[in-house]
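*Asks:* Contents of data-v6.txt (compact mmCIF, C-alpha atoms):
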```
# COMPACT_ATOMS: atom_id res chain seq x y z
CA MET A 1 166.53 134.01 186.38
CA PRO A 2 164.36 136.61 184.59
CA LEU A 3 165.43 137.89 181.19
CA SER A 4 166.99 141.36 181.43
CA LEU A 5 167.40 144.00 178.76
CA SER A 6 171.10 144.15 177.88
CA SER A 7 171.24 146.02 174.55
CA ALA A 8 169.01 147.44 171.86
CA ALA A 9 168.90 149.09 168.45
CA LEU A 10 166.28 150.80 166.32
CA VAL A 11 165.67 151.99 162.80
CA LEU A 12 163.08 154.59 161.79
CA GLU A 13 162.27 155.64 158.21
CA PRO A 14 165.46 154.27 156.60
CA GLY A 15 164.62 155.64 153.16
CA SER A 16 163.34 153.72 150.14
CA ILE A 17 164.48 151.26 147.50
CA PRO A 18 163.20 150.64 143.95
CA TYR A 19 160.33 148.23 143.49
CA ARG A 20 161.46 144.75 142.42
CA PRO A 21 158.66 142.83 140.63
CA ASP A 22 158.13 139.23 141.74
CA PRO A 23 155.74 137.34 139.41
CA ASP A 24 155.10 134.48 141.86
CA CYS A 25 154.19 136.87 144.67
CA ALA A 26 152.04 138.92 142.31
CA ILE A 27 149.97 135.85 141.38
CA PHE A 28 149.60 134.84 145.03
CA GLU A 29 148.54 138.33 146.14
CA ARG A 30 146.12 138.78 143.24
CA ASP A 31 144.41 135.44 144.00
CA LEU A 32 144.29 136.24 147.71
CA LEU A 33 142.96 139.79 147.41
CA VAL A 34 140.29 139.01 144.83
CA ARG A 35 138.51 136.84 147.40
CA PHE A 36 137.91 140.01 149.42
CA GLY A 37 136.86 142.06 146.40
CA ILE A 38 140.19 143.94 146.30
CA GLN A 39 142.21 144.54 143.16
CA ARG A 40 145.99 144.34 143.39
CA ASP A 41 147.46 147.73 142.45
CA GLU A 42 151.09 147.34 141.41
CA GLU A 43 151.46 151.10 140.99
CA ARG A 44 151.23 151.44 144.77
CA LEU A 45 154.31 149.27 145.06
CA ARG A 46 156.17 151.29 142.46
CA GLN A 47 155.46 154.48 144.40
CA GLY A 48 156.05 153.02 147.88
CA ALA A 49 159.18 152.87 150.00
CA ASN A 50 159.51 149.09 149.45
CA ILE A 51 161.25 148.66 152.80
CA GLY A 52 159.82 145.37 153.99
CA PHE A 53 160.51 143.32 157.10
CA THR A 54 163.65 141.78 155.61
CA GLU A 55 165.25 145.15 154.93
CA LEU A 56 164.20 146.52 158.33
CA ALA A 57 165.57 143.47 160.13
CA GLU A 58 168.88 143.61 158.28
CA SER A 59 169.19 147.32 159.07
CA VAL A 60 168.41 147.06 162.78
CA ILE A 61 170.77 144.10 163.26
CA GLY A 62 173.55 146.19 161.75
CA ARG A 63 172.90 148.93 164.31
CA LEU A 64 173.52 146.80 167.38
CA PRO A 65 176.64 147.91 169.25
CA PHE A 66 178.03 144.36 169.11
CA ARG A 67 177.87 141.31 166.87
CA LEU A 68 174.93 139.16 167.95
CA THR A 69 175.28 135.46 167.18
CA SER A 70 172.61 132.78 167.66
CA PRO A 71 170.63 133.86 170.73
CA ASP A 72 168.81 130.96 172.36
CA LEU A 73 165.46 132.37 171.26
CA LEU A 74 164.52 134.73 168.43
CA VAL A 75 160.99 136.14 168.29
CA PHE A 76 159.77 138.33 165.44
CA ALA A 77 156.67 140.36 166.39
CA PHE A 78 154.49 142.51 164.15
CA GLY A 79 151.02 144.02 164.18
CA LEU A 80 150.70 144.93 160.48
CA PRO A 81 151.53 142.54 157.63
CA ASP A 82 154.70 142.54 155.58
CA MET A 83 154.91 143.93 152.07
CA ILE A 84 155.09 140.41 150.58
CA ALA A 85 152.99 137.83 152.40
CA LEU A 86 154.93 134.81 151.09
CA LYS A 87 158.14 135.66 152.94
CA HIS A 88 158.93 134.11 156.31
CA VAL A 89 161.22 136.70 157.85
CA ALA A 90 161.84 135.02 161.22
CA GLN A 91 163.85 132.32 159.46
CA ARG A 92 165.76 134.94 157.49
CA VAL A 93 166.68 136.80 160.67
CA ASN A 94 167.74 133.52 162.26
CA TYR A 95 170.05 132.93 159.31
CA LEU A 96 171.51 136.44 159.64
CA LEU A 97 172.25 135.77 163.31
CA GLY A 98 174.00 132.46 162.74
CA GLY A 99 171.11 130.04 162.29
CA GLY A 100 171.31 128.48 165.76
CA SER A 101 168.26 130.01 167.44
CA HIS A 102 164.83 128.63 168.17
CA CYS A 103 162.68 131.13 166.28
CA PHE A 104 159.08 131.97 165.50
CA ALA A 105 156.86 134.96 164.77
CA VAL A 106 153.96 136.43 166.75
CA SER A 107 151.29 138.14 164.66
CA GLU A 108 147.53 138.59 164.23
CA GLN A 109 147.36 140.30 167.65
CA GLY A 110 147.70 143.96 166.70
CA LEU A 111 149.99 145.93 168.99
CA ARG A 112 149.73 143.16 171.60
CA ALA A 113 152.20 141.05 169.57
CA PRO A 114 155.44 142.25 171.23
CA TYR A 115 153.91 141.91 174.70
CA THR A 116 152.86 138.34 173.91
CA ALA A 117 156.33 137.62 172.53
CA LEU A 118 157.91 138.69 175.83
CA ARG A 119 155.48 136.57 177.83
CA VAL A 120 156.28 133.50 175.73
CA ALA A 121 160.03 134.17 176.00
CA ASP A 122 159.69 134.51 179.78
CA ALA A 123 158.07 131.08 179.90
CA PHE A 124 160.97 129.66 177.88
CA ALA A 125 163.43 131.25 180.29
CA GLY A 126 161.51 129.93 183.30
CA SER A 127 161.77 126.40 181.90
CA GLY A 128 165.53 126.71 181.53
CA ARG A 129 165.47 126.62 177.72
CA CYS A 130 166.37 130.26 177.13
CA ARG A 131 169.05 132.48 178.64
CA THR A 132 169.30 134.90 175.71
CA LEU A 133 166.53 136.46 173.61
CA ALA A 134 166.45 138.67 170.54
CA LEU A 135 163.04 140.34 170.18
CA VAL A 136 162.51 142.08 166.84
CA VAL A 137 159.45 144.33 166.47
CA CYS A 138 158.71 145.53 162.92
CA GLU A 139 156.19 147.36 160.79
CA GLN A 140 156.21 148.68 157.24
CA ASN A 141 153.87 150.71 155.03
CA THR A 142 154.08 149.52 151.39
CA TYR A 143 151.06 147.55 150.15
CA ALA A 144 149.54 146.64 146.80
CA TYR A 145 146.13 147.72 148.09
CA PRO A 146 144.76 150.71 150.06
CA ASP A 147 145.03 150.55 153.84
CA PRO A 148 143.23 153.59 155.28
CA PHE A 149 144.67 153.05 158.78
CA VAL A 150 148.27 153.09 157.56
CA GLU A 151 147.70 156.01 155.20
CA GLU A 152 145.65 158.23 157.55
CA ASN A 153 148.07 157.78 160.45
CA LYS A 154 151.22 157.98 158.30
CA VAL A 155 152.60 154.78 159.86
CA PRO A 156 156.38 154.85 159.27
CA ASN A 157 158.74 152.02 158.44
CA SER A 158 160.36 151.11 161.74
CA ALA A 159 161.94 148.32 163.74
CA ALA A 160 163.34 147.77 167.23
CA LEU A 161 165.67 144.97 168.28
CA LEU A 162 165.79 144.28 172.02
CA TYR A 163 168.41 141.85 173.31
CA PHE A 164 167.83 140.17 176.67
CA ASP A 165 170.23 138.02 178.69
CA ASP A 166 171.07 137.57 182.38
CA THR A 167 173.35 140.63 182.69
CA GLY A 168 171.13 143.56 181.69
CA ARG A 169 169.89 146.23 184.09
CA TYR A 170 166.11 145.93 183.52
CA GLU A 171 164.47 142.54 184.15
CA PHE A 172 161.15 141.61 182.56
CA HIS A 173 158.52 141.22 185.29
CA GLY A 174 155.39 140.34 183.39
CA THR A 175 152.73 141.73 181.13
CA ARG A 176 149.02 142.19 181.60
CA MET A 177 146.15 142.88 179.21
CA ALA A 178 142.95 144.70 180.09
CA THR A 179 139.75 142.95 179.14
CA ARG A 180 137.63 144.68 176.54
CA GLY A 181 135.99 147.76 178.02
CA THR A 182 138.38 148.04 180.99
CA PRO A 183 139.86 151.57 181.21
CA LEU A 184 143.61 151.90 180.78
CA ARG A 185 143.85 153.68 184.14
CA ALA A 186 142.50 150.56 185.87
CA LEU A 187 145.12 148.39 184.18
CA LEU A 188 147.91 150.81 185.08
CA GLY A 189 146.71 151.02 188.65
CA SER A 190 146.98 147.26 188.99
CA VAL A 191 150.50 147.01 187.55
CA THR A 192 151.96 150.02 189.41
CA THR A 193 150.47 149.39 192.84
CA ASP A 194 153.67 147.75 194.17
CA LEU A 195 156.07 150.12 192.42
CA GLU A 196 157.67 153.21 193.94
CA PRO A 197 156.06 156.28 192.29
CA ASP A 198 159.19 158.43 192.43
CA SER A 199 161.36 155.82 190.71
CA THR A 200 158.88 154.49 188.14
CA LEU A 201 158.53 155.74 184.55
CA LEU A 202 155.41 155.13 182.49
CA VAL A 203 156.18 154.84 178.77
CA ALA A 204 152.87 155.37 177.00
CA GLY A 205 152.16 154.66 173.36
CA SER A 206 150.70 157.39 171.19
CA TRP A 207 147.32 155.63 171.09
CA THR A 208 146.71 156.08 174.82
CA HIS A 209 144.29 158.84 175.84
CA PRO A 210 145.82 161.68 177.89
CA ASP A 211 142.90 161.64 180.34
CA GLU A 212 143.68 158.00 181.20
CA LEU A 213 147.28 158.91 182.02
CA ALA A 214 146.50 162.03 184.08
CA GLU A 215 145.36 159.97 187.07
CA ILE A 216 148.59 157.94 187.29
CA ALA A 217 150.95 159.34 189.92
CA VAL A 218 154.21 158.53 188.10
CA PRO A 219 156.23 160.41 185.45
CA VAL A 220 155.06 159.77 181.88
CA HIS A 221 157.12 159.55 178.69
CA ARG A 222 154.87 159.49 175.62
CA ALA A 223 155.88 157.85 172.36
CA ALA A 224 155.72 159.88 169.17
CA ALA A 225 152.66 159.59 166.93
CA GLY A 226 152.84 157.43 163.81
CA PRO A 227 154.05 153.95 164.71
CA TYR A 228 151.33 151.41 165.39
CA CYS A 229 152.93 148.57 167.38
CA THR A 230 156.58 149.67 167.46
CA GLY A 231 156.11 152.99 169.30
CA VAL A 232 156.97 152.12 172.92
CA TRP A 233 159.62 149.62 171.83
CA LEU A 234 161.41 152.26 169.77
CA GLU A 235 161.44 154.49 172.86
CA LEU A 236 162.74 151.66 175.03
CA ALA A 237 165.51 150.89 172.54
CA ARG A 238 166.46 154.58 172.33
CA HIS A 239 166.38 155.47 176.05
CA HIS A 240 166.78 152.32 178.19
CA GLU A 241 170.33 153.14 179.27
CA GLU A 242 169.57 156.66 180.46
CA TRP A 243 166.33 155.53 182.10
CA SER A 244 168.16 152.87 184.08
CA ASP A 245 170.19 155.65 185.75
CA ALA A 246 167.03 157.42 186.92
CA TYR A 247 164.24 154.84 187.37
CA ARG A 248 164.05 151.50 189.15
CA SER A 249 161.01 150.46 187.10
CA VAL A 250 159.67 151.11 183.61
CA VAL A 251 156.07 150.36 182.64
CA LEU A 252 155.27 150.13 178.92
CA CYS A 253 151.65 150.53 177.88
CA ASP A 254 149.46 151.24 174.89
CA THR A 255 145.85 150.99 173.77
CA ASP A 256 145.07 149.37 170.44
CA PRO A 257 142.96 151.85 168.42
CA ARG A 258 141.42 148.97 166.47
CA THR A 259 140.09 147.03 169.47
CA GLY A 260 140.19 149.44 172.41
CA GLN A 261 142.12 146.88 174.46
CA SER A 262 145.11 148.02 176.50
CA GLN A 263 148.32 146.18 177.33
CA ALA A 264 151.13 146.81 179.81
CA ALA A 265 154.54 145.30 180.57
CA VAL A 266 156.80 145.89 183.56
CA LEU A 267 160.60 146.06 183.64
CA ARG A 268 162.39 146.35 186.98
CA GLN A 269 166.04 146.89 187.76
CA ARG A 270 167.96 143.71 188.41
CA PRO A 271 169.07 143.42 192.04
CA ALA A 272 172.73 144.18 192.54
CA ALA A 273 174.91 141.16 193.20
CA PRO A 274 175.89 140.87 196.88
CA THR A 275 179.39 142.05 197.70
CA PRO A 276 181.54 139.09 198.79
CA ARG A 277 182.74 139.24 202.37
CA ARG A 278 186.45 139.39 202.91
CA SER A 279 188.13 136.93 205.19
CA PRO A 280 189.68 138.54 208.26
```
Would you mind giving the structure from this file in C-alpha cells?

*Replies:*
Amino acid sequence: MPLSLSSAALVLEPGSIPYRPDPDCAIFERDLLVRFGIQRDEERLRQGANIGFTELAESVIGRLPFRLTSPDLLVFAFGLPDMIALKHVAQRVNYLLGGGSHCFAVSEQGLRAPYTALRVADAFAGSGRCRTLALVVCEQNTYAYPDPFVEENKVPNSAALLYFDDTGRYEFHGTRMATRGTPLRALLGSVTTDLEPDSTLLVAGSWTHPDELAEIAVPVHRAAAGPYCTGVWLELARHHEEWSDAYRSVVLCDTDPRTGQSQAAVLRQRPAAPTPRRSP
C-alpha cells in the first residue's frame, strides 16, 4: 500500500541562540576549508543565528500534534550543509523518536534531496519493510565562511516534518526529474496528463519561473521566496489538511537555481474504503 501523508509540522525562523565554541569542530573545519583556499571566520558564527539541524529537528518534532515514536523509516533530507559538518543529525533524530527506526540522510542533491528521499521510502514500502515514514527536510544559514547564495537570497532557518503511514488522505504516487535543459512545463505536462485539472493543485517552489507555470491548466499555489529546498515542503506541512478538502491531487515542483533541473512529485487522495454490505 502506498505511503500516505497523515500529519505534519513545520518551523520557520525560530530565533537564535548564543554561539557555543567547539575546539574539535573548529580544527576540523579549518583544515577542511584551507584546502579550498577559504579561511574559517569564527566571527560569522558569533553573529549568526546558530540554529543548526539539531535544533531545527528538535523544534519541529515538538510541534507535531501527537507523540511520534520509532517510525519504521526516518529520512533526513537537506540541500545545504549543516552548521557543524561533524554532526550526524539523522541518528540524533532517531534517538529523539525512540531509537527504533531505520534511518539515513539524503544530501548532495540540492533541492532534489526530499524528492529522492520519498522515492527511496516508497521503494521500502513496496518491499514491505516500511509502513510508517518520518521525512525531515531541513536547512540553516549559519556558516564560518561566506556563502553568497545563502546571503543574497536570505535563506531562512526552516524545517518540515512529514509523517506518512497507511491512514493519511494523500498517497505518494511518484516523483520525476527533468533532464538538464528540459523545460519545467514539459515535466509538469507529463505528470499532470492523467490528473483532473479542476481537482489538482500545483504547489510551485519560489525558484520556478512564472512563464513556465502560465501554460499549466491547473490552479497554482506558489511557495514564498527565501527557502532553498524546504519551500514546497513547508507549504505542504502548513496546508495539506485544507487542500485535501478541495483537491484530489497535489503536484509539488521546483527548479534548482544552481543546476536548472526541475523535479516534481505527485500526491493523490487515498481511495475511500468500500462500505460493507449489510446482510438482509

*Asks:* Measuring atom to atom with all atoms listed in the file, identify which of A:Gly226, A:Gly79, A:Glu241, A:Gly110 is nearest to A:Asn153.

*Replies:* A:Gly226

*Asks:* Got a sec: who's within 6 Å of A:Cys138, counting all atoms listed in the file, leaving out chain neighbours fewer than 3 positions off, as a short mmCIF file (atom, residue, chain, number, x, y, z; two decimals) with C-alpha atoms, keeping the file's coordinate frame?

*Replies:*
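Result file follows (part-v1.cif):
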```cif
data_model
loop_
_atom_site.label_atom_id
_atom_site.label_comp_id
_atom_site.auth_asym_id
_atom_site.auth_seq_id
_atom_site.Cartn_x
_atom_site.Cartn_y
_atom_site.Cartn_z
CA PHE A 78 154.49 142.51 164.15
CA SER A 158 160.36 151.11 161.74
CA ALA A 159 161.94 148.32 163.74
#
```

*Asks:* My list of candidates is A:Thr167, A:Asn141, A:Asn94, A:Thr175. Which is closest to A:Val120 when distances are computed with all atoms listed in the file?

*Replies:*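 Using all atoms listed in the file, A:Val120 sits closest to A:Thr175.
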
*Asks:* Using all atoms listed in the file for the distances, tell me which of A:Ile61, A:Leu96, A:Val191, A:Val136 is nearest to A:Ala178.

*Replies:*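 Ranking A:Ile61, A:Leu96, A:Val191, A:Val136 by distance to A:Ala178, first place goes to A:Val191.
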
*Asks:* Give me, as a list in words, all polymer residues having an atom no more than 6 Å from A:Leu3, counting only C-alpha atoms and skipping those fewer than 4 positions away in the same chain.

*Replies:*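 My list of contacting residues is Phe164, Asp165, Asp166, Glu171 and Phe172 of chain A.
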
*Asks:* Please provide the set of residues having any atom within 10 Å of A:Thr200, restricted to all atoms listed in the file, with same-chain residues fewer than 6 positions apart removed, written as a VMD selection string.

*Replies:* chain A and resid 192 217 to 220 243 246 to 251 266 to 268

*Asks:* Record the distance separating atom CA of A:His240 and atom CA of A:Arg129, expressed in Å with one decimal.

*Replies:*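 For atom CA of A:His240 relative to atom CA of A:Arg129, the distance reads 25.7 Å.
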
*Asks:* Edge lengths and centre in Å to one decimal, as lines of an AutoDock Vina configuration file, is what I'm after for the box along x, y and z that holds all listed atoms of stretch 205-220 of chain A once 4 Å is added on each side.

*Replies:*
```
center_x = 149.6
center_y = 158.3
center_z = 180.5
size_x = 21.3
size_y = 15.4
size_z = 26.8
```

*Asks:* With distances taken over all atoms listed in the file, which of A:Ala121, A:Ala264, A:Leu162, A:Leu234 is nearest to A:Leu184?

*Replies:*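 Result for the nearest residue to A:Leu184: A:Ala264.
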
*Asks:* Quick one: residues within 10 Å of A:Glu29, all atoms listed in the file, excluding same-chain residues fewer than 3 positions away - as a tab-separated table (two decimals) with C-alpha atoms, in the frame of the given file?

*Replies:*
```
chain	number	residue	atom	x	y	z
A	23	PRO	CA	155.74	137.34	139.41
A	24	ASP	CA	155.10	134.48	141.86
A	25	CYS	CA	154.19	136.87	144.67
A	26	ALA	CA	152.04	138.92	142.31
A	32	LEU	CA	144.29	136.24	147.71
A	33	LEU	CA	142.96	139.79	147.41
A	34	VAL	CA	140.29	139.01	144.83
A	39	GLN	CA	142.21	144.54	143.16
A	40	ARG	CA	145.99	144.34	143.39
A	84	ILE	CA	155.09	140.41	150.58
A	85	ALA	CA	152.99	137.83	152.40
A	86	LEU	CA	154.93	134.81	151.09
A	144	ALA	CA	149.54	146.64	146.80
A	145	TYR	CA	146.13	147.72	148.09
```

*Asks:* Just checking: using all atoms listed in the file, which residue out of A:Leu201, A:Leu73, A:Ala90, A:Val106 ends up closest to A:Phe124?

*Replies:*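 Of the candidates, the smallest distance to A:Phe124 is held by A:Leu73.
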
*Asks:* I need every residue sitting at most 12 Å from the point (154.7, 163.4, 167.8) (coordinates as in the file, only C-alpha atoms considered), written as a list in words.

*Replies:*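 Taken together, the residues in range are Asn153, Lys154, Val155, Gly205, Ser206, Trp207, His221, Arg222, Ala223, Ala224, Ala225, Gly226, Pro227 and Gly231 of chain A.
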
*Asks:* Find the distance between atom CA of A:Asp41 and atom CA of A:Tyr19 and write it in Å to one decimal.

*Replies:*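 Rounded to one decimal, the two atoms are 12.9 Å apart.
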
*Asks:* Taking (152.9, 148.5, 177.7) in the file's coordinates, which residues come within 10 Å, counting only C-alpha atoms, written as a ChimeraX atom specification?

*Replies:* /A:111-112,114-115,175-177,188,202-205,232-233,250-255,262-266

*Asks:* For atom CA of A:Leu97 and atom CA of A:Thr69, quote the distance in Å rounded to one decimal.

*Replies:*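 Calculated distance between atom CA of A:Leu97 and atom CA of A:Thr69 is 4.9 Å.
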
*Asks:* Determine the nearest neighbour of A:Gln140 from the options A:Pro197, A:Gly15, A:Gly100, A:Pro271, counting all atoms listed in the file.

*Replies:*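 For A:Gln140, the nearest of the given residues is A:Gly15.
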
*Asks:* Near A:Pro71, within 6 Å and counting all atoms listed in the file, which residues show up once chain neighbours fewer than 3 positions away are dropped, as a PyMOL selection string?

*Replies:* chain A and resi 101+132-133
